[in-house]
Each structure stands twice: as structure tokens, then as C-alpha cells.
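A.B. asks: Contents of final.cif (mmCIF, C-alpha atoms):
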```cif
data_work
#
loop_
_atom_site.group_PDB
_atom_site.id
_atom_site.type_symbol
_atom_site.label_atom_id
_atom_site.label_comp_id
_atom_site.auth_asym_id
_atom_site.auth_seq_id
_atom_site.Cartn_x
_atom_site.Cartn_y
_atom_site.Cartn_z
ATOM 1 C CA MET J 1 -142.387 83.198 11.589
ATOM 2 C CA ALA J 2 -138.944 84.086 12.895
ATOM 3 C CA ASP J 3 -139.072 81.219 15.401
ATOM 4 C CA LEU J 4 -139.694 78.663 12.665
ATOM 5 C CA LYS J 5 -136.825 76.176 12.468
ATOM 6 C CA ILE J 6 -137.028 74.384 9.127
ATOM 7 C CA LEU J 7 -135.349 71.112 8.192
ATOM 8 C CA ALA J 8 -134.779 70.885 4.411
ATOM 9 C CA VAL J 9 -134.191 67.315 3.213
ATOM 10 C CA ASP J 10 -132.954 66.693 -0.334
ATOM 11 C CA ASP J 11 -130.169 64.537 -1.792
ATOM 12 C CA SER J 12 -129.379 67.160 -4.416
ATOM 13 C CA PRO J 13 -126.953 69.793 -3.058
ATOM 14 C CA THR J 14 -128.222 72.154 -5.774
ATOM 15 C CA MET J 15 -131.822 71.787 -4.621
ATOM 16 C CA ARG J 16 -130.854 72.266 -0.977
ATOM 17 C CA ARG J 17 -129.119 75.529 -1.809
ATOM 18 C CA ILE J 18 -132.086 76.739 -3.877
ATOM 19 C CA ILE J 19 -134.509 75.860 -1.073
ATOM 20 C CA VAL J 20 -132.327 77.501 1.612
ATOM 21 C CA ASN J 21 -131.950 80.700 -0.448
ATOM 22 C CA THR J 22 -135.654 80.796 -1.303
ATOM 23 C CA LEU J 23 -136.535 80.358 2.367
ATOM 24 C CA ARG J 24 -134.053 83.048 3.396
ATOM 25 C CA ARG J 25 -135.628 85.494 0.960
ATOM 26 C CA ALA J 26 -139.055 84.661 2.338
ATOM 27 C CA GLY J 27 -137.805 85.536 5.818
ATOM 28 C CA PHE J 28 -137.058 82.047 7.124
ATOM 29 C CA ASN J 29 -133.433 82.223 8.206
ATOM 30 C CA ASN J 30 -133.282 79.267 10.560
ATOM 31 C CA VAL J 31 -132.808 76.335 8.194
ATOM 32 C CA ILE J 32 -131.001 73.032 8.753
ATOM 33 C CA GLU J 33 -130.135 70.667 5.889
ATOM 34 C CA ALA J 34 -130.137 66.878 5.511
ATOM 35 C CA SER J 35 -129.199 64.756 2.477
ATOM 36 C CA ASP J 36 -131.704 61.900 2.956
ATOM 37 C CA GLY J 37 -134.255 60.462 5.372
ATOM 38 C CA LYS J 38 -131.673 58.730 7.532
ATOM 39 C CA ASP J 39 -129.607 61.893 7.870
ATOM 40 C CA ALA J 40 -132.811 63.855 8.570
ATOM 41 C CA LEU J 41 -133.889 61.555 11.420
ATOM 42 C CA ALA J 42 -130.442 61.929 13.003
ATOM 43 C CA LYS J 43 -130.534 65.733 12.651
ATOM 44 C CA MET J 44 -134.079 65.927 14.062
ATOM 45 C CA LYS J 45 -132.954 64.432 17.351
ATOM 46 C CA ILE J 46 -130.341 67.150 17.789
ATOM 47 C CA GLU J 47 -131.846 70.185 16.074
ATOM 48 C CA LYS J 48 -135.558 69.730 16.963
ATOM 49 C CA PRO J 49 -137.004 71.567 13.929
ATOM 50 C CA ASN J 50 -140.663 72.604 13.958
ATOM 51 C CA PHE J 51 -141.199 72.348 10.187
ATOM 52 C CA VAL J 52 -139.956 69.831 7.602
ATOM 53 C CA ILE J 53 -139.548 70.175 3.831
ATOM 54 C CA THR J 54 -138.597 66.912 2.165
ATOM 55 C CA ASP J 55 -137.863 65.463 -1.247
ATOM 56 C CA TRP J 56 -139.141 61.974 -2.190
ATOM 57 C CA ASN J 57 -136.454 60.234 -4.277
ATOM 58 C CA MET J 58 -133.343 59.935 -2.155
ATOM 59 C CA PRO J 59 -130.794 57.146 -1.600
ATOM 60 C CA GLU J 60 -130.389 55.453 1.812
ATOM 61 C CA MET J 61 -133.900 56.432 2.990
ATOM 62 C CA ASP J 62 -136.476 57.983 0.665
ATOM 63 C CA GLY J 63 -138.909 60.711 1.631
ATOM 64 C CA LEU J 64 -141.913 58.447 2.007
ATOM 65 C CA THR J 65 -140.106 56.073 4.397
ATOM 66 C CA PHE J 66 -138.777 59.090 6.282
ATOM 67 C CA ILE J 67 -142.278 60.525 6.764
ATOM 68 C CA THR J 68 -143.748 57.142 7.719
ATOM 69 C CA THR J 69 -140.973 56.718 10.312
ATOM 70 C CA LEU J 70 -141.531 60.268 11.518
ATOM 71 C CA ARG J 71 -145.258 59.762 12.006
ATOM 72 C CA SER J 72 -144.626 56.602 14.039
ATOM 73 C CA ILE J 73 -142.859 58.716 16.660
ATOM 74 C CA ASP J 74 -145.291 60.443 19.077
ATOM 75 C CA GLU J 75 -143.204 63.619 19.223
ATOM 76 C CA TYR J 76 -143.510 64.146 15.460
ATOM 77 C CA LYS J 77 -147.128 63.143 14.831
ATOM 78 C CA GLU J 78 -148.284 66.766 14.442
ATOM 79 C CA LEU J 79 -145.107 68.176 12.899
ATOM 80 C CA PRO J 80 -145.922 70.045 9.649
ATOM 81 C CA VAL J 81 -144.353 68.217 6.695
ATOM 82 C CA LEU J 82 -144.225 69.659 3.190
ATOM 83 C CA MET J 83 -143.117 67.408 0.349
ATOM 84 C CA VAL J 84 -141.258 69.057 -2.561
ATOM 85 C CA THR J 85 -140.680 66.536 -5.342
ATOM 86 C CA THR J 86 -140.707 65.937 -9.085
ATOM 87 C CA ARG J 87 -143.294 63.171 -8.615
ATOM 88 C CA SER J 88 -146.589 64.374 -10.042
ATOM 89 C CA VAL J 89 -148.409 61.100 -10.686
ATOM 90 C CA LYS J 90 -151.732 61.100 -8.804
ATOM 91 C CA GLU J 91 -151.101 57.716 -7.132
ATOM 92 C CA ASP J 92 -147.836 59.066 -5.703
ATOM 93 C CA ILE J 93 -149.589 62.115 -4.291
ATOM 94 C CA VAL J 94 -152.189 59.862 -2.647
ATOM 95 C CA ASP J 95 -149.387 57.683 -1.186
ATOM 96 C CA ALA J 96 -147.659 60.773 0.183
ATOM 97 C CA MET J 97 -150.882 61.946 1.786
ATOM 98 C CA LYS J 98 -151.441 58.510 3.341
ATOM 99 C CA ALA J 99 -147.878 58.529 4.711
ATOM 100 C CA GLY J 100 -148.648 61.764 6.561
ATOM 101 C CA VAL J 101 -147.595 64.614 4.300
ATOM 102 C CA ASN J 102 -149.504 67.831 5.114
ATOM 103 C CA ASN J 103 -148.890 69.498 1.778
ATOM 104 C CA TYR J 104 -147.212 68.837 -1.554
ATOM 105 C CA ILE J 105 -145.324 70.888 -4.135
ATOM 106 C CA VAL J 106 -144.167 69.634 -7.525
ATOM 107 C CA LYS J 107 -140.708 70.716 -8.727
ATOM 108 C CA PRO J 108 -139.835 73.053 -10.305
ATOM 109 C CA PHE J 109 -141.514 75.321 -7.765
ATOM 110 C CA THR J 110 -141.770 79.091 -7.572
ATOM 111 C CA PRO J 111 -140.676 81.000 -4.442
ATOM 112 C CA ASP J 112 -144.242 82.317 -4.110
ATOM 113 C CA THR J 113 -145.675 78.782 -4.020
ATOM 114 C CA LEU J 114 -143.185 77.666 -1.374
ATOM 115 C CA LYS J 115 -143.835 80.697 0.835
ATOM 116 C CA ALA J 116 -147.608 80.417 0.428
ATOM 117 C CA LYS J 117 -147.578 76.744 1.437
ATOM 118 C CA ILE J 118 -145.436 77.379 4.532
ATOM 119 C CA ASP J 119 -147.611 80.346 5.594
ATOM 120 C CA GLN J 120 -150.760 78.279 5.055
ATOM 121 C CA MET J 121 -149.436 75.302 7.023
ATOM 122 C CA VAL J 122 -148.095 77.401 9.888
ATOM 123 C CA ALA J 123 -151.396 79.310 10.163
ATOM 124 C CA ARG J 124 -153.284 76.058 10.891
ATOM 125 C CA MET R 125 -140.255 0.061 -51.144
ATOM 126 C CA SER R 126 -137.006 1.922 -52.051
ATOM 127 C CA SER R 127 -134.065 2.012 -49.560
ATOM 128 C CA THR R 128 -134.391 5.858 -49.289
ATOM 129 C CA GLY R 129 -137.888 5.456 -48.035
ATOM 130 C CA THR R 130 -137.137 3.233 -45.033
ATOM 131 C CA PRO R 131 -137.749 4.741 -41.584
ATOM 132 C CA GLN R 132 -134.064 4.316 -40.736
ATOM 133 C CA VAL R 133 -132.967 6.352 -43.763
ATOM 134 C CA ARG R 134 -135.580 9.004 -43.077
ATOM 135 C CA ILE R 135 -134.366 9.341 -39.482
ATOM 136 C CA GLN R 136 -130.767 9.555 -40.671
ATOM 137 C CA LYS R 137 -131.783 12.263 -43.126
ATOM 138 C CA GLU R 138 -133.622 14.196 -40.403
ATOM 139 C CA ILE R 139 -130.683 13.856 -38.023
ATOM 140 C CA GLY R 140 -128.429 15.187 -40.752
ATOM 141 C CA GLU R 141 -130.731 18.184 -41.301
ATOM 142 C CA LEU R 142 -130.918 18.792 -37.546
ATOM 143 C CA THR R 143 -127.111 18.673 -37.299
ATOM 144 C CA ARG R 144 -126.791 21.175 -40.135
ATOM 145 C CA SER R 145 -129.420 23.363 -38.468
ATOM 146 C CA ILE R 146 -127.631 23.238 -35.104
ATOM 147 C CA SER R 147 -124.336 23.918 -36.860
ATOM 148 C CA GLY R 148 -125.956 26.919 -38.526
ATOM 149 C CA MET R 149 -127.243 28.129 -35.161
ATOM 150 C CA VAL R 150 -123.788 27.760 -33.604
ATOM 151 C CA THR R 151 -122.327 29.789 -36.472
ATOM 152 C CA SER R 152 -125.020 32.427 -35.917
ATOM 153 C CA PHE R 153 -124.281 32.498 -32.179
ATOM 154 C CA LYS R 154 -120.577 32.876 -32.962
ATOM 155 C CA LYS R 155 -121.432 35.794 -35.236
ATOM 156 C CA LEU R 156 -123.593 37.241 -32.449
ATOM 157 C CA ARG R 157 -120.784 37.084 -29.929
ATOM 158 C CA ARG R 158 -118.743 39.973 -31.272
ATOM 159 C CA PRO R 159 -121.597 42.550 -31.407
ATOM 160 C CA LEU R 160 -122.836 41.314 -28.044
ATOM 161 C CA VAL R 161 -119.389 41.690 -26.487
ATOM 162 C CA GLU R 162 -119.005 45.100 -28.097
ATOM 163 C CA SER R 163 -122.446 46.172 -26.871
ATOM 164 C CA ARG R 164 -121.718 44.896 -23.382
ATOM 165 C CA ASP R 165 -118.422 46.806 -23.345
ATOM 166 C CA LYS R 166 -120.091 50.018 -24.523
ATOM 167 C CA MET R 167 -122.774 49.975 -21.830
ATOM 168 C CA PRO R 168 -120.475 50.986 -18.939
ATOM 169 C CA GLN R 169 -118.999 53.709 -21.141
ATOM 170 C CA ALA R 170 -122.461 55.099 -21.849
ATOM 171 C CA THR R 171 -123.368 54.889 -18.153
ATOM 172 C CA ASP R 172 -120.127 56.620 -17.176
ATOM 173 C CA GLN R 173 -120.828 59.292 -19.770
ATOM 174 C CA LEU R 174 -124.256 59.986 -18.291
ATOM 175 C CA ASP R 175 -122.735 60.170 -14.799
ATOM 176 C CA LYS R 176 -120.138 62.586 -16.148
ATOM 177 C CA ILE R 177 -122.876 64.851 -17.527
ATOM 178 C CA THR R 178 -124.622 64.821 -14.158
ATOM 179 C CA GLN R 179 -121.389 65.648 -12.342
ATOM 180 C CA GLN R 180 -120.529 68.422 -14.780
ATOM 181 C CA THR R 181 -123.938 70.063 -14.698
ATOM 182 C CA GLU R 182 -123.772 69.898 -10.903
ATOM 183 C CA VAL R 183 -120.345 71.591 -10.877
ATOM 184 C CA VAL R 184 -121.504 74.303 -13.279
ATOM 185 C CA THR R 185 -124.729 74.838 -11.371
ATOM 186 C CA ALA R 186 -122.768 75.134 -8.126
ATOM 187 C CA ARG R 187 -120.535 77.780 -9.730
ATOM 188 C CA MET R 188 -123.585 79.660 -10.991
ATOM 189 C CA LEU R 189 -125.126 79.490 -7.550
ATOM 190 C CA ASP R 190 -121.901 80.879 -6.059
ATOM 191 C CA VAL R 191 -122.161 83.887 -8.375
ATOM 192 C CA VAL R 192 -125.891 84.355 -7.830
ATOM 193 C CA GLU R 193 -125.427 84.193 -4.050
ATOM 194 C CA GLN R 194 -122.701 86.866 -4.275
ATOM 195 C CA MET R 195 -124.959 88.982 -6.492
ATOM 196 C CA THR R 196 -127.888 88.763 -4.115
ATOM 197 C CA GLN R 197 -125.643 89.620 -1.164
ATOM 198 C CA ARG R 198 -124.145 92.618 -2.993
ATOM 199 C CA GLU R 199 -127.534 93.832 -4.158
ATOM 200 C CA GLU R 200 -128.923 93.620 -0.660
ATOM 201 C CA ASP R 201 -125.940 95.657 0.567
ATOM 202 C CA VAL R 202 -126.439 98.222 -2.214
ATOM 203 C CA ILE R 203 -130.126 98.634 -1.373
ATOM 204 C CA ARG R 204 -129.350 99.087 2.312
ATOM 205 C CA GLY R 205 -126.487 101.536 1.541
ATOM 206 C CA ILE R 206 -128.481 103.699 -0.856
ATOM 207 C CA ASP R 207 -131.384 103.724 1.516
ATOM 208 C CA SER R 208 -129.085 104.987 4.209
ATOM 209 C CA ILE R 209 -127.717 107.750 1.906
ATOM 210 C CA ARG R 210 -131.255 108.775 1.044
ATOM 211 C CA GLU R 211 -132.079 109.105 4.703
ATOM 212 C CA GLN R 212 -129.011 111.279 5.276
ATOM 213 C CA VAL R 213 -129.605 113.662 2.365
ATOM 214 C CA ARG R 214 -133.286 114.075 3.033
ATOM 215 C CA GLY R 215 -132.602 117.024 5.291
ATOM 216 C CA GLY R 216 -130.622 118.959 2.614
ATOM 217 C CA ASP R 217 -131.464 120.444 -0.809
ATOM 218 C CA LEU R 218 -130.443 117.387 -2.746
ATOM 219 C CA GLY R 219 -133.529 116.481 -4.721
ATOM 220 C CA GLU R 220 -131.564 115.074 -7.660
ATOM 221 C CA VAL R 221 -129.602 112.768 -5.429
ATOM 222 C CA GLU R 222 -132.886 111.532 -4.026
ATOM 223 C CA THR R 223 -134.140 110.713 -7.566
ATOM 224 C CA LEU R 224 -130.872 109.035 -8.428
ATOM 225 C CA ALA R 225 -130.957 107.002 -5.263
ATOM 226 C CA GLN R 226 -134.510 105.927 -6.022
ATOM 227 C CA GLY R 227 -133.460 104.821 -9.522
ATOM 228 C CA LEU R 228 -130.516 102.883 -8.149
ATOM 229 C CA ILE R 229 -132.713 101.152 -5.627
ATOM 230 C CA GLN R 230 -135.089 100.155 -8.399
ATOM 231 C CA LYS R 231 -132.244 98.756 -10.522
ATOM 232 C CA ALA R 232 -130.744 96.877 -7.626
ATOM 233 C CA THR R 233 -134.164 95.481 -6.755
ATOM 234 C CA ASP R 234 -134.632 94.359 -10.356
ATOM 235 C CA ASN R 235 -131.203 92.692 -10.285
ATOM 236 C CA LEU R 236 -132.138 90.947 -7.086
ATOM 237 C CA ASN R 237 -135.388 89.682 -8.575
ATOM 238 C CA ASP R 238 -133.580 88.499 -11.717
ATOM 239 C CA ALA R 239 -130.945 86.731 -9.673
ATOM 240 C CA TYR R 240 -133.631 84.860 -7.745
ATOM 241 C CA GLN R 241 -135.295 83.983 -11.022
ATOM 242 C CA ILE R 242 -132.003 82.470 -12.231
ATOM 243 C CA MET R 243 -131.836 80.539 -8.983
ATOM 244 C CA GLU R 244 -135.365 79.245 -9.494
ATOM 245 C CA SER R 245 -134.447 78.093 -13.028
ATOM 246 C CA LEU R 246 -131.461 76.163 -11.711
ATOM 247 C CA GLN R 247 -133.877 73.523 -10.452
ATOM 248 C CA PHE R 248 -133.373 72.056 -13.938
ATOM 249 C CA GLN R 249 -130.171 70.451 -12.650
ATOM 250 C CA ASP R 250 -132.009 68.210 -10.179
ATOM 251 C CA ILE R 251 -134.603 67.252 -12.797
ATOM 252 C CA THR R 252 -132.112 66.474 -15.595
ATOM 253 C CA ALA R 253 -129.938 64.569 -13.121
ATOM 254 C CA GLN R 254 -132.926 62.343 -12.329
ATOM 255 C CA GLN R 255 -133.596 61.847 -16.049
ATOM 256 C CA MET R 256 -129.975 60.837 -16.596
ATOM 257 C CA ASP R 257 -130.039 58.562 -13.556
ATOM 258 C CA HIS R 258 -133.042 56.881 -15.117
ATOM 259 C CA ALA R 259 -131.203 56.453 -18.447
ATOM 260 C CA ALA R 260 -128.115 55.160 -16.663
ATOM 261 C CA SER R 261 -130.230 52.702 -14.716
ATOM 262 C CA LEU R 262 -131.753 51.387 -17.964
ATOM 263 C CA LEU R 263 -128.285 50.997 -19.486
ATOM 264 C CA GLN R 264 -127.061 49.127 -16.423
ATOM 265 C CA ASN R 265 -130.061 46.840 -16.707
ATOM 266 C CA LEU R 266 -129.272 46.149 -20.380
ATOM 267 C CA GLU R 267 -125.632 45.611 -19.543
ATOM 268 C CA ASN R 268 -126.588 42.994 -16.948
ATOM 269 C CA LYS R 269 -128.888 41.255 -19.434
ATOM 270 C CA LEU R 270 -126.181 41.205 -22.123
ATOM 271 C CA HIS R 271 -123.754 39.860 -19.572
ATOM 272 C CA GLY R 272 -126.228 37.058 -18.836
ATOM 273 C CA ILE R 273 -126.516 36.178 -22.546
ATOM 274 C CA LEU R 274 -122.746 36.179 -22.986
ATOM 275 C CA LYS R 275 -122.316 34.006 -19.933
ATOM 276 C CA THR R 276 -124.806 31.521 -21.410
ATOM 277 C CA LEU R 277 -122.922 31.535 -24.713
ATOM 278 C CA GLY R 278 -119.650 31.016 -22.881
ATOM 279 C CA ALA R 279 -118.111 34.134 -24.359
ATOM 280 C CA PRO R 280 -114.676 35.147 -23.082
ATOM 281 C CA GLY R 281 -114.787 37.879 -20.461
ATOM 282 C CA ALA R 282 -118.292 36.907 -19.356
ATOM 283 C CA VAL R 283 -117.142 35.331 -16.121
ATOM 284 C CA HIS R 284 -117.009 38.550 -14.083
ATOM 285 C CA GLU R 285 -119.807 39.274 -11.670
ATOM 286 C CA GLU R 286 -122.911 41.200 -12.673
ATOM 287 C CA GLY R 287 -122.201 44.876 -12.937
ATOM 288 C CA ALA R 288 -118.482 44.428 -12.417
ATOM 289 C CA ALA R 289 -117.793 45.960 -15.821
ATOM 290 C CA GLY R 290 -118.868 49.330 -14.515
ATOM 291 C CA GLY R 291 -116.866 49.125 -11.282
ATOM 292 C CA SER R 292 -118.529 50.227 -8.043
ATOM 293 C CA ARG R 293 -122.075 51.339 -8.775
ATOM 294 C CA LYS R 294 -123.550 54.662 -7.714
ATOM 295 C CA ALA R 295 -126.709 54.457 -5.591
ATOM 296 C CA ARG R 296 -129.460 55.878 -7.788
ATOM 297 C CA ALA R 297 -132.710 57.380 -6.511
ATOM 298 C CA PHE R 298 -134.807 58.996 -9.207
ATOM 299 C CA ASP R 299 -138.295 59.707 -10.449
ATOM 300 C CA PRO R 300 -138.641 58.111 -13.927
ATOM 301 C CA HIS R 301 -141.251 60.751 -14.812
ATOM 302 C CA ALA R 302 -139.191 63.768 -13.672
ATOM 303 C CA ASP R 303 -139.821 66.576 -16.131
ATOM 304 C CA TYR R 304 -139.185 70.308 -16.091
ATOM 305 C CA VAL R 305 -142.199 71.130 -18.252
ATOM 306 C CA ASP R 306 -144.537 68.155 -18.614
ATOM 307 C CA ARG R 307 -146.104 67.388 -15.229
ATOM 308 C CA LYS R 308 -148.593 64.603 -14.673
ATOM 309 C CA ALA R 309 -150.655 66.810 -12.324
ATOM 310 C CA ASP R 310 -150.954 70.589 -11.993
ATOM 311 C CA GLN R 311 -150.051 72.278 -8.712
ATOM 312 C CA LYS R 312 -153.610 73.683 -8.624
ATOM 313 C CA ASP R 313 -155.085 70.161 -8.744
ATOM 314 C CA ILE R 314 -152.732 69.012 -5.997
ATOM 315 C CA ASP R 315 -153.693 72.029 -3.868
ATOM 316 C CA SER R 316 -157.413 71.316 -4.225
ATOM 317 C CA PHE R 317 -156.746 67.640 -3.450
ATOM 318 C CA PHE R 318 -155.079 68.567 -0.151
ATOM 319 C CA ALA R 319 -157.723 71.212 0.552
ATOM 320 C CA GLN R 320 -160.413 68.493 0.296
ATOM 321 C CA LYS R 321 -158.487 66.430 2.841
ATOM 322 C CA GLU R 322 -158.560 69.357 5.268
ATOM 323 C CA ARG R 323 -162.355 69.629 5.108
#
```
Show the structure stored in the file as C-alpha cells.
C.D. replies:
Amino acid sequence: MADLKILAVDDSPTMRRIIVNTLRRAGFNNVIEASDGKDALAKMKIEKPNFVITDWNMPEMDGLTFITTLRSIDEYKELPVLMVTTRSVKEDIVDAMKAGVNNYIVKPFTPDTLKAKIDQMVAR
Amino acid sequence: MSSTGTPQVRIQKEIGELTRSISGMVTSFKKLRRPLVESRDKMPQATDQLDKITQQTEVVTARMLDVVEQMTQREEDVIRGIDSIREQVRGGDLGEVETLAQGLIQKATDNLNDAYQIMESLQFQDITAQQMDHAASLLQNLENKLHGILKTLGAPGAVHEEGAAGGSRKARAFDPHADYVDRKADQKDIDSFFAQKER
């Protein structure tokens, strides 16, 4: 768990801080932040995270495009990706799954839900 | 056959009625201009107002987060410090201090939990910001439509480019259904949906 390097992608600075603090409390101290998909792709090249948490609605590059781009790169095909978004319409969830999301949390989330999802995804 | 009944007279009469009708329409359009111009001018103000609310809630939320982060840091320090004292006094006859220390640890732990609960609640800022972005986007859309109508009517001030009334536009990315309470799908349903995929 300690060696998990998480990339948190969200255009809202408030949400990024909440996610980082929630992760820190859950014992995940190695967290990098990105403000949208484009920024995330750039940071991935340098930081090489082994877990991604991403929002959907973001300017520049949204979460779905980011994940689709990510999955087209061999290196990131198996990378665990957790989507944390306000979008709770079933069609959206299906689209996210098709794009390559491994798990999905609807905002507002509880710290327990976030930790449980990460633990579950890492255990696989 | 009377002269008023000839086709020529009838056509003249109809043309006259049509002219009066068009004249009436022009008068109506002229009357429409002012409220349309006023509405068009109010749209950017309303959009700016929504943006202001978003900015202000973000500033306030950031301040609250600053405080909560300091609280959590202090509480963590307090828990560690008291724990260390407890370890040191364990060897001596200081039973009351031990009880006190335990109580303090409990209070600090409760504070820590409360602080994280406040942090969790602050997710409202992202959700309300998306709701306001949605409203602002609708207003911008209306503003553009009004601008189109005014341009057609040849109203003064309608020559500027679409959206120019609001200056440079903010890039908006939002979920139109974002809601703090009313979700379209429960987390449990989503979990079972992904669990099925795994099988």
C-alpha cells in the first residue's frame, strides 16, 4: 500500500484537496495532482503513477477522453483507473466502463467508499 | 356590379389591410426592441453573478480547508504527544494522569473525525459550482439567441460578435445532473454493475 503512487485528476482545486487529504488519512501519502486529462497525461510520463483517480467533467480534456487515450497506450492498458464523478446516469456509467474504467464512485463520496474501492482494486 | 366590388378595388383594399398589418407588426417589433435589448444586456450580468458565486464559494471553501487541515495536523500532533506522555508515566503511580490522557486522546480523535467529516461535506462546492456552470451556460445560450434576434431586427448595439457582451468566456465543463442529494443511480447499484463485469 505504501508503494502506491496515485495520480488524482480533477479540475476543481477543492476536490483535489479533499481527495488528497482523504487518501492521506487512508494511508496513501504518495499522491500527485493534475487539473485535467491533458495535464494528467503529461504528469504520467514524468511521475509514472501506478493508480489513477479521475473526474469526468473537466475542460481541455475530459475524463473519458483521458481514459480512452490512456488505454490506447500499451504501458497503461492494465493501470487501475477509478472514476470519481457527479455523473450518475446509467448510460454514463456504461460509457465509462467501455472506455476502460475499472471502478466508479459517485460524488459526494465517503472516505470509507474511496478506501474500500482502492483496496479492492489493488487486491486484484 | 358596384365599383367597390371590382377585383381591382378588392386588391387595393387587401393591400391597404396588409400595409396596416405590416405597420402594426413593425410597431410591435419596435416595442419589442427595448425589452429585448434590456434582456440581452442583463444576461451577461446574470452570468457574471453566477461566476462570482462560484469564485466566492471556492475562496470560502479554500479558507475552510486551510483551517481544517491545520486542525487535523494539530490533532494528530496532540494524539502523538499525549500518547508519548502516557508511555512515560506508565512506570510511575500516576493513574489519574493516565485516565486524563485517555480522555484527551478520545476528544482529539473525535475532533479529528469531525474535521474529516467537514472536509467530506465540502464536496458541495464542486457540485454547486457545476450547477452554476450549467445555469451560466443556459444564460449564455439565451444571450446568444437574443443577440441573434436583435441583429435580425437591426437593433442598435447588435453588431458585436456572439458572446462579446460577456467579454472573454470561461471554459465550462459540468454535469447538468450534478446533485448533492438526488443521484440517478445508487453507489450500491454501480458497485454491483462493476462486480458483474468482473465475473
A.B. asks: Could you jot down the CA of Ala239 in chain R to CA of Arg307 in chain R separation for me, Å, one decimal place?
C.D. replies: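 So the answer is 25.2 Å.
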A.B. asks: Set the distance at 10 Å and use all atoms listed in the file: which residues neighbour Lys115 in chain J once local chain neighbours fewer than 5 positions away are removed? I'd like the list as a ChimeraX atom specification.
C.D. replies: /J:22-23,25-28,110,120-121
A.B. asks: Ser12 in chain J: which residues within 10 Å, counting all atoms listed in the file, same-chain residues fewer than 4 positions away excluded, as a list in words?
C.D. replies: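 Close residues of Ser12 in chain J: Arg16, Arg17, Ile18, Ala34, Ser35, Asp36, Asp55, Asn57 and Met58 of chain J; Glu182, Gln247, Gln249, Asp250, Ile251, Ala253 and Gln254 of chain R.
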A.B. asks: Can you work out which residues from chain J touch chain R at a cut-off of 9 Å (counting all atoms listed in the file) and hand them back as a PyMOL selection string?
C.D. replies: chain J and resi 11-15+17-18+21-22+25+56-60+62+85-90+93+97+102-111
A.B. asks: On this structure, the PyMOL selection byres ((chain J and resi 71-82) around 12) would catch which residues? List them as a CSV table (one decimal) with C-alpha atoms, keeping the file's coordinate frame, sorted by chain and number.
C.D. replies:
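Full text of result.csv as output:
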```
chain,number,residue,atom,x,y,z
J,4,LEU,CA,-139.7,78.7,12.7
J,5,LYS,CA,-136.8,76.2,12.5
J,6,ILE,CA,-137.0,74.4,9.1
J,7,LEU,CA,-135.3,71.1,8.2
J,8,ALA,CA,-134.8,70.9,4.4
J,9,VAL,CA,-134.2,67.3,3.2
J,41,LEU,CA,-133.9,61.6,11.4
J,44,MET,CA,-134.1,65.9,14.1
J,45,LYS,CA,-133.0,64.4,17.4
J,48,LYS,CA,-135.6,69.7,17.0
J,49,PRO,CA,-137.0,71.6,13.9
J,50,ASN,CA,-140.7,72.6,14.0
J,51,PHE,CA,-141.2,72.3,10.2
J,52,VAL,CA,-140.0,69.8,7.6
J,53,ILE,CA,-139.5,70.2,3.8
J,54,THR,CA,-138.6,66.9,2.2
J,55,ASP,CA,-137.9,65.5,-1.2
J,56,TRP,CA,-139.1,62.0,-2.2
J,63,GLY,CA,-138.9,60.7,1.6
J,64,LEU,CA,-141.9,58.4,2.0
J,65,THR,CA,-140.1,56.1,4.4
J,66,PHE,CA,-138.8,59.1,6.3
J,67,ILE,CA,-142.3,60.5,6.8
J,68,THR,CA,-143.7,57.1,7.7
J,69,THR,CA,-141.0,56.7,10.3
J,70,LEU,CA,-141.5,60.3,11.5
J,83,MET,CA,-143.1,67.4,0.3
J,84,VAL,CA,-141.3,69.1,-2.6
J,85,THR,CA,-140.7,66.5,-5.3
J,93,ILE,CA,-149.6,62.1,-4.3
J,96,ALA,CA,-147.7,60.8,0.2
J,97,MET,CA,-150.9,61.9,1.8
J,98,LYS,CA,-151.4,58.5,3.3
J,99,ALA,CA,-147.9,58.5,4.7
J,100,GLY,CA,-148.6,61.8,6.6
J,101,VAL,CA,-147.6,64.6,4.3
J,102,ASN,CA,-149.5,67.8,5.1
J,103,ASN,CA,-148.9,69.5,1.8
J,104,TYR,CA,-147.2,68.8,-1.6
J,105,ILE,CA,-145.3,70.9,-4.1
J,106,VAL,CA,-144.2,69.6,-7.5
J,113,THR,CA,-145.7,78.8,-4.0
J,114,LEU,CA,-143.2,77.7,-1.4
J,115,LYS,CA,-143.8,80.7,0.8
J,116,ALA,CA,-147.6,80.4,0.4
J,117,LYS,CA,-147.6,76.7,1.4
J,118,ILE,CA,-145.4,77.4,4.5
J,119,ASP,CA,-147.6,80.3,5.6
J,120,GLN,CA,-150.8,78.3,5.1
J,121,MET,CA,-149.4,75.3,7.0
J,122,VAL,CA,-148.1,77.4,9.9
J,123,ALA,CA,-151.4,79.3,10.2
J,124,ARG,CA,-153.3,76.1,10.9
R,318,PHE,CA,-155.1,68.6,-0.2
```
